[in-house]
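Report on the structure given below.
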There are 2 protein chains.
Amino acid sequence: MSTQSLDNMVARLNRLPGIGIKTAQRLAYHILTLAPEDVRGLADALTAARERVHYCPVCGNFTEDELCSVCADPRRDKKVICVVKDARDVSYMERMREYHGAYHVLGGTLSPMDGVGPEDIRIAELVSRVREGDVKEVILATDPDVEGEATAAYIAKQLKELGVKVTRIAHGIPIGGNLEYVDEMTLFKAMENRREL
Amino acid sequence: MSTQSLDNMVARLNRLPGIGIKTAQRLAYHILTLAPEDVRGLADALTAARERVHYCPVCGNFTEDELCSVCADPRRDKKVICVVKDARDVSYMERMREYHGAYHVLGGTLSPMDGVGPEDIRIAELVSRVREGDVKEVILATDPDVEGEATAAYIAKQLKELGVKVTRIAHGIPIGGNLEYVDEMTLFKAMENRREL
């Protein structure tokens with residue numbers, strides 16, 4: 001049976017992406033059966049993460065510190081920048097453990113249909129990094145779908161004018177797929193076979 | 001990239017039923033992009049519901065008040081008790097809008113394989129309600145799966161000794177299914193065609 005606070009919990013959960021009304025109800029009823037300290041632990045984890053985590057001012061990755069763990073690591077090669085759609089893609093790349101350069105998180109991909117243009121994602125910041133820093137290669141690792149390819153092509157055009165080497169990760173990744181569902185070995189091959197644009 | 005508070009949020013979400021690591025990550029990264037007040041609203045909804053909602057002392061349903069909304073409603077026929085597995089099943093029954101009796105929430109079903117015996121679910125409370133109250137019919141609406149049927153058979157045996165009419169909802173519900181995925185009309189037919197045990 002519904003109660004006001006239960007209804008509110010279901011409605012809040014239902015707003016999350018991929019959480020339909022049935023799933024929201026299932027989660028809500030489960031949460032009512034948890035120990036109060038576990039519910040508080042979950043709630044605190046959400047608010048603490050949202051309060052503490054912010055964007056790295058250099059690369060746009062998520063961090064709790066001034067710089068993200070990659071930008072703050074002196075062993076990472078800052079002369080190579082891997083460009084990805086969002087911060088989750090950084091975590092997929094890092095899982096591979098074979099990339100030792102830096103990142104640039106775009107915060108989206110070009111999508112004229114959705115009204116997302118070059119000024120809506122962090123392309124100008126990337127151009128500045130390349131112009132002002134000692135960058136020898138920019139690896140474009142946006143997803144190999146329509147928006148990802150268009151974004152890579154657009155960025156490649158901007159950067160070539162600056163004379164930097166621009167590469168695209170190889171199509172070892174299934175066309176139409178995205179980085180999330182690729183195994184580490186495929187991702188490693190895709191990085192290894194990157195080609196200059 | 002992972003941070004401590006982000007990792008903690010992912011781990012907490014991953015503990016919820018049906019939320020695998022990929023879904024937990026997707027939700028966590030989404031939550032980081034929400035307005036802080038929306039994250040606090042979600043977190044508060046979880047803790048408030050867990051703090052305010054408790055079991056109805058009569059039927060075992062969830063409620064924020066002393067009695068649940070069904071038990072507190074004088075228009076509901078307390079002489080008919082519909083027995084369900086859990087509080088979510090009450091919400092599915094209520095959605096039908098054709099049942100005007102009371103409920104009894106078992107809080108589970110008999111499952112020897114999982115070590116759930118008659119003393120682990122609210123069967124004694126049901127027997128007490130029938131023995132002490134003026135009950136003319138008990139409708140067994142546990143799911144038509146192995147555990148649900150076994151639970152219904154066990155309860156029927158206990159209650160028949162008290163001379164009360166015991167019925168089982170009809171098998172309009174697909175065998176092996178559960179109340180969650182049944183449409184209102186099928187559920188209505190199942191209630192209408194209930195048979196005495």
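Going through the structure tokens in order, the chains are called A, B, and so on, while each chain numbers its residues from 1 and the ligands are numbered from 1 in the order shown.
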Rows by chain and residue number, chain B within 8 Å of chain A, shortest pair, only C-alpha atoms, as JSON lines:
```
{"residue": "B:Met1", "atom": "CA", "partner": "A:Ser91", "partner_atom": "CA", "distance": 4.6}
{"residue": "B:Ser2", "atom": "CA", "partner": "A:Ser91", "partner_atom": "CA", "distance": 6.7}
{"residue": "B:Thr3", "atom": "CA", "partner": "A:Thr63", "partner_atom": "CA", "distance": 6.1}
{"residue": "B:Gln4", "atom": "CA", "partner": "A:Glu64", "partner_atom": "CA", "distance": 7.9}
{"residue": "B:Ser5", "atom": "CA", "partner": "A:Ala49", "partner_atom": "CA", "distance": 4.8}
{"residue": "B:Leu6", "atom": "CA", "partner": "A:Ala49", "partner_atom": "CA", "distance": 5.5}
{"residue": "B:Asn8", "atom": "CA", "partner": "A:Ala45", "partner_atom": "CA", "distance": 6.3}
{"residue": "B:Met9", "atom": "CA", "partner": "A:Ala45", "partner_atom": "CA", "distance": 4.9}
{"residue": "B:Arg12", "atom": "CA", "partner": "A:Leu42", "partner_atom": "CA", "distance": 5.6}
{"residue": "B:Leu13", "atom": "CA", "partner": "A:Leu42", "partner_atom": "CA", "distance": 7.2}
{"residue": "B:Leu16", "atom": "CA", "partner": "A:Leu27", "partner_atom": "CA", "distance": 7.0}
{"residue": "B:Pro17", "atom": "CA", "partner": "A:Leu27", "partner_atom": "CA", "distance": 7.0}
{"residue": "B:Leu27", "atom": "CA", "partner": "A:Leu16", "partner_atom": "CA", "distance": 7.0}
{"residue": "B:Ala28", "atom": "CA", "partner": "A:Leu46", "partner_atom": "CA", "distance": 7.9}
{"residue": "B:Tyr29", "atom": "CA", "partner": "A:Arg88", "partner_atom": "CA", "distance": 7.1}
{"residue": "B:His30", "atom": "CA", "partner": "A:Pro17", "partner_atom": "CA", "distance": 7.7}
{"residue": "B:Ile31", "atom": "CA", "partner": "A:Arg50", "partner_atom": "CA", "distance": 7.0}
{"residue": "B:Leu32", "atom": "CA", "partner": "A:Arg50", "partner_atom": "CA", "distance": 5.2}
{"residue": "B:Pro36", "atom": "CA", "partner": "A:Arg50", "partner_atom": "CA", "distance": 6.5}
{"residue": "B:Val39", "atom": "CA", "partner": "A:Thr47", "partner_atom": "CA", "distance": 6.0}
{"residue": "B:Arg40", "atom": "CA", "partner": "A:Thr47", "partner_atom": "CA", "distance": 5.9}
{"residue": "B:Gly41", "atom": "CA", "partner": "A:Arg12", "partner_atom": "CA", "distance": 7.7}
{"residue": "B:Leu42", "atom": "CA", "partner": "A:Arg12", "partner_atom": "CA", "distance": 5.6}
{"residue": "B:Ala43", "atom": "CA", "partner": "A:Ala43", "partner_atom": "CA", "distance": 4.3}
{"residue": "B:Asp44", "atom": "CA", "partner": "A:Ala43", "partner_atom": "CA", "distance": 7.0}
{"residue": "B:Ala45", "atom": "CA", "partner": "A:Met9", "partner_atom": "CA", "distance": 4.9}
{"residue": "B:Leu46", "atom": "CA", "partner": "A:Met9", "partner_atom": "CA", "distance": 5.8}
{"residue": "B:Thr47", "atom": "CA", "partner": "A:Arg40", "partner_atom": "CA", "distance": 5.9}
{"residue": "B:Ala48", "atom": "CA", "partner": "A:Ser5", "partner_atom": "CA", "distance": 6.6}
{"residue": "B:Ala49", "atom": "CA", "partner": "A:Ser5", "partner_atom": "CA", "distance": 4.8}
{"residue": "B:Arg50", "atom": "CA", "partner": "A:Leu32", "partner_atom": "CA", "distance": 5.2}
{"residue": "B:Glu51", "atom": "CA", "partner": "A:Pro36", "partner_atom": "CA", "distance": 7.1}
{"residue": "B:Arg52", "atom": "CA", "partner": "A:Ser5", "partner_atom": "CA", "distance": 7.4}
{"residue": "B:Val53", "atom": "CA", "partner": "A:Leu32", "partner_atom": "CA", "distance": 7.3}
{"residue": "B:Asn61", "atom": "CA", "partner": "A:Met1", "partner_atom": "CA", "distance": 6.7}
{"residue": "B:Phe62", "atom": "CA", "partner": "A:Met1", "partner_atom": "CA", "distance": 6.3}
{"residue": "B:Thr63", "atom": "CA", "partner": "A:Thr3", "partner_atom": "CA", "distance": 6.1}
{"residue": "B:Glu64", "atom": "CA", "partner": "A:Thr3", "partner_atom": "CA", "distance": 6.4}
{"residue": "B:Cys68", "atom": "CA", "partner": "A:Met1", "partner_atom": "CA", "distance": 7.9}
{"residue": "B:Ser69", "atom": "CA", "partner": "A:Met1", "partner_atom": "CA", "distance": 7.7}
{"residue": "B:Ala87", "atom": "CA", "partner": "A:Met1", "partner_atom": "CA", "distance": 6.2}
{"residue": "B:Arg88", "atom": "CA", "partner": "A:Met1", "partner_atom": "CA", "distance": 6.7}
{"residue": "B:Val90", "atom": "CA", "partner": "A:Met1", "partner_atom": "CA", "distance": 5.5}
{"residue": "B:Ser91", "atom": "CA", "partner": "A:Met1", "partner_atom": "CA", "distance": 4.6}
{"residue": "B:Glu94", "atom": "CA", "partner": "A:Met1", "partner_atom": "CA", "distance": 7.5}
```
Inset, instruction - Skip Lys165 (chain B) itself and residues of its chain fewer than 3 positions away, then list as a list of chain:residue names all residues within 9 Å of it, counting only C-alpha atoms. - result: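 In the requested form, the answer reads B:Val135, B:Lys136, B:Glu137, B:Val138, B:Ile139, B:Leu159, B:Lys160, B:Glu196, B:Leu197.
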Inset, instruction - May I have the residues within 10 Å of Ala153 (chain B) as JSON, numbers by chain, using only C-alpha atoms and disregarding those fewer than 5 positions away in the same chain? - result: {"B": [140, 147, 148, 158, 168, 197]}
The selected residues should be written to file as a CSV table (one decimal), in the first residue's frame (atoms: C-alpha atoms).
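That gives us part.csv:
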```csv
chain,number,residue,atom,x,y,z
B,140,LEU,CA,-5.2,-16.9,-0.4
B,147,GLU,CA,6.4,-21.6,-2.8
B,148,GLY,CA,3.2,-19.6,-3.2
B,158,GLN,CA,-4.4,-24.4,9.5
B,168,ARG,CA,-7.7,-19.5,-3.5
B,197,LEU,CA,-10.2,-25.1,-0.7
```
Inset, instruction - Can you check which residues of region 140-182 of chain A DSSP gives as strand (DSSP E) on the backbone and send them as number ranges by chain? - result: A: 140, 165-168
Generate a file of the selected residues that holds N, CA and C atoms, formatted as a short mmCIF file (atom, residue, chain, number, x, y, z; two decimals), in the first residue's frame.
```cif
data_model
loop_
_atom_site.label_atom_id
_atom_site.label_comp_id
_atom_site.auth_asym_id
_atom_site.auth_seq_id
_atom_site.Cartn_x
_atom_site.Cartn_y
_atom_site.Cartn_z
N LEU A 140 41.82 10.77 -30.51
CA LEU A 140 40.37 10.98 -30.44
C LEU A 140 39.70 9.64 -30.14
N LYS A 165 49.86 16.27 -34.07
CA LYS A 165 49.49 14.95 -34.58
C LYS A 165 48.15 14.56 -33.98
N VAL A 166 47.20 14.18 -34.82
CA VAL A 166 45.87 13.80 -34.34
C VAL A 166 45.58 12.38 -34.79
N THR A 167 45.25 11.50 -33.85
CA THR A 167 44.96 10.11 -34.21
C THR A 167 43.56 9.73 -33.74
N ARG A 168 43.05 8.67 -34.35
CA ARG A 168 41.72 8.17 -34.00
C ARG A 168 41.89 6.72 -33.56
#
```
Inset, instruction - Within 9 Å of Cys71 (chain B), counting only C-alpha atoms, which residues show up once you throw out same-chain ones fewer than 5 positions away? Write them as a PyMOL selection string, please. - result: chain B and resi 56+58-59+76+78+102-103
Save the residues we just selected, N, CA and C atoms, as an mmCIF file, in the first residue's frame?
```cif
data_model
loop_
_atom_site.group_PDB
_atom_site.id
_atom_site.type_symbol
_atom_site.label_atom_id
_atom_site.label_comp_id
_atom_site.auth_asym_id
_atom_site.auth_seq_id
_atom_site.Cartn_x
_atom_site.Cartn_y
_atom_site.Cartn_z
ATOM 1 N N CYS B 56 1.946 -2.077 9.614
ATOM 2 C CA CYS B 56 0.637 -1.971 10.259
ATOM 3 C C CYS B 56 0.544 -3.120 11.267
ATOM 4 N N VAL B 58 -1.924 -4.566 12.518
ATOM 5 C CA VAL B 58 -3.012 -5.512 12.233
ATOM 6 C C VAL B 58 -2.653 -6.435 11.062
ATOM 7 N N CYS B 59 -2.308 -5.853 9.922
ATOM 8 C CA CYS B 59 -2.166 -6.670 8.706
ATOM 9 C C CYS B 59 -0.732 -6.827 8.204
ATOM 10 N N ARG B 76 -14.078 -0.572 4.455
ATOM 11 C CA ARG B 76 -13.514 -1.860 4.030
ATOM 12 C C ARG B 76 -14.104 -2.973 4.890
ATOM 13 N N LYS B 78 -13.929 -5.920 6.951
ATOM 14 C CA LYS B 78 -12.887 -6.608 7.730
ATOM 15 C C LYS B 78 -13.189 -8.106 7.907
ATOM 16 N N ALA B 102 -10.120 -6.693 3.682
ATOM 17 C CA ALA B 102 -8.862 -6.352 4.339
ATOM 18 C C ALA B 102 -7.743 -7.238 3.778
ATOM 19 N N TYR B 103 -6.527 -7.033 4.296
ATOM 20 C CA TYR B 103 -5.360 -7.812 3.850
ATOM 21 C C TYR B 103 -4.658 -8.469 5.024
#
```
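Taking CA of His104 (chain A) and CA of Leu162 (chain A) as the two end points, the separation is 17.0 Å.
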Legend entry - Spatial neighbours of region 117-130 of chain A, max dist 6 Å, only C-alpha atoms, sep filter under 3 positions, as an MDAnalysis selection string: chainID A and resid 106:108 110 133 135
Can I get the selected residues back with all heavy atoms, as a PDB file, in the first residue's frame?
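Contents of the output file again32.pdb:
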```pdb
ATOM      1  N   LEU A 106      35.161  15.793 -23.003  1.00  0.00           N
ATOM      2  CA  LEU A 106      34.367  16.760 -23.758  1.00  0.00           C
ATOM      3  C   LEU A 106      33.064  17.141 -23.052  1.00  0.00           C
ATOM      4  O   LEU A 106      32.573  18.247 -23.202  1.00  0.00           O
ATOM      5  CB  LEU A 106      34.030  16.188 -25.139  1.00  0.00           C
ATOM      6  CG  LEU A 106      35.211  16.008 -26.094  1.00  0.00           C
ATOM      7  CD1 LEU A 106      34.756  15.252 -27.334  1.00  0.00           C
ATOM      8  CD2 LEU A 106      35.798  17.366 -26.473  1.00  0.00           C
ATOM      9  N   GLY A 107      32.503  16.206 -22.306  1.00  0.00           N
ATOM     10  CA  GLY A 107      31.204  16.470 -21.681  1.00  0.00           C
ATOM     11  C   GLY A 107      30.061  16.357 -22.675  1.00  0.00           C
ATOM     12  O   GLY A 107      29.028  17.013 -22.515  1.00  0.00           O
ATOM     13  N   GLY A 108      30.232  15.501 -23.687  1.00  0.00           N
ATOM     14  CA  GLY A 108      29.169  15.305 -24.680  1.00  0.00           C
ATOM     15  C   GLY A 108      29.777  15.146 -26.063  1.00  0.00           C
ATOM     16  O   GLY A 108      30.997  15.164 -26.230  1.00  0.00           O
ATOM     17  N   LEU A 110      29.045  16.195 -30.411  1.00  0.00           N
ATOM     18  CA  LEU A 110      28.283  17.062 -31.317  1.00  0.00           C
ATOM     19  C   LEU A 110      27.030  16.326 -31.786  1.00  0.00           C
ATOM     20  O   LEU A 110      27.097  15.163 -32.158  1.00  0.00           O
ATOM     21  CB  LEU A 110      29.131  17.437 -32.536  1.00  0.00           C
ATOM     22  CG  LEU A 110      30.390  18.261 -32.259  1.00  0.00           C
ATOM     23  CD1 LEU A 110      31.115  18.544 -33.575  1.00  0.00           C
ATOM     24  CD2 LEU A 110      30.013  19.553 -31.563  1.00  0.00           C
ATOM     25  N   GLY A 133      50.119  24.273 -24.493  1.00  0.00           N
ATOM     26  CA  GLY A 133      51.000  23.271 -23.903  1.00  0.00           C
ATOM     27  C   GLY A 133      51.919  22.640 -24.929  1.00  0.00           C
ATOM     28  O   GLY A 133      51.836  22.924 -26.130  1.00  0.00           O
ATOM     29  N   VAL A 135      52.097  19.698 -26.511  1.00  0.00           N
ATOM     30  CA  VAL A 135      51.360  18.481 -26.834  1.00  0.00           C
ATOM     31  C   VAL A 135      51.861  17.900 -28.160  1.00  0.00           C
ATOM     32  O   VAL A 135      51.953  18.624 -29.158  1.00  0.00           O
ATOM     33  CB  VAL A 135      49.840  18.774 -26.943  1.00  0.00           C
ATOM     34  CG1 VAL A 135      49.073  17.520 -27.321  1.00  0.00           C
ATOM     35  CG2 VAL A 135      49.324  19.339 -25.617  1.00  0.00           C
TER      36      VAL A 135
END
```
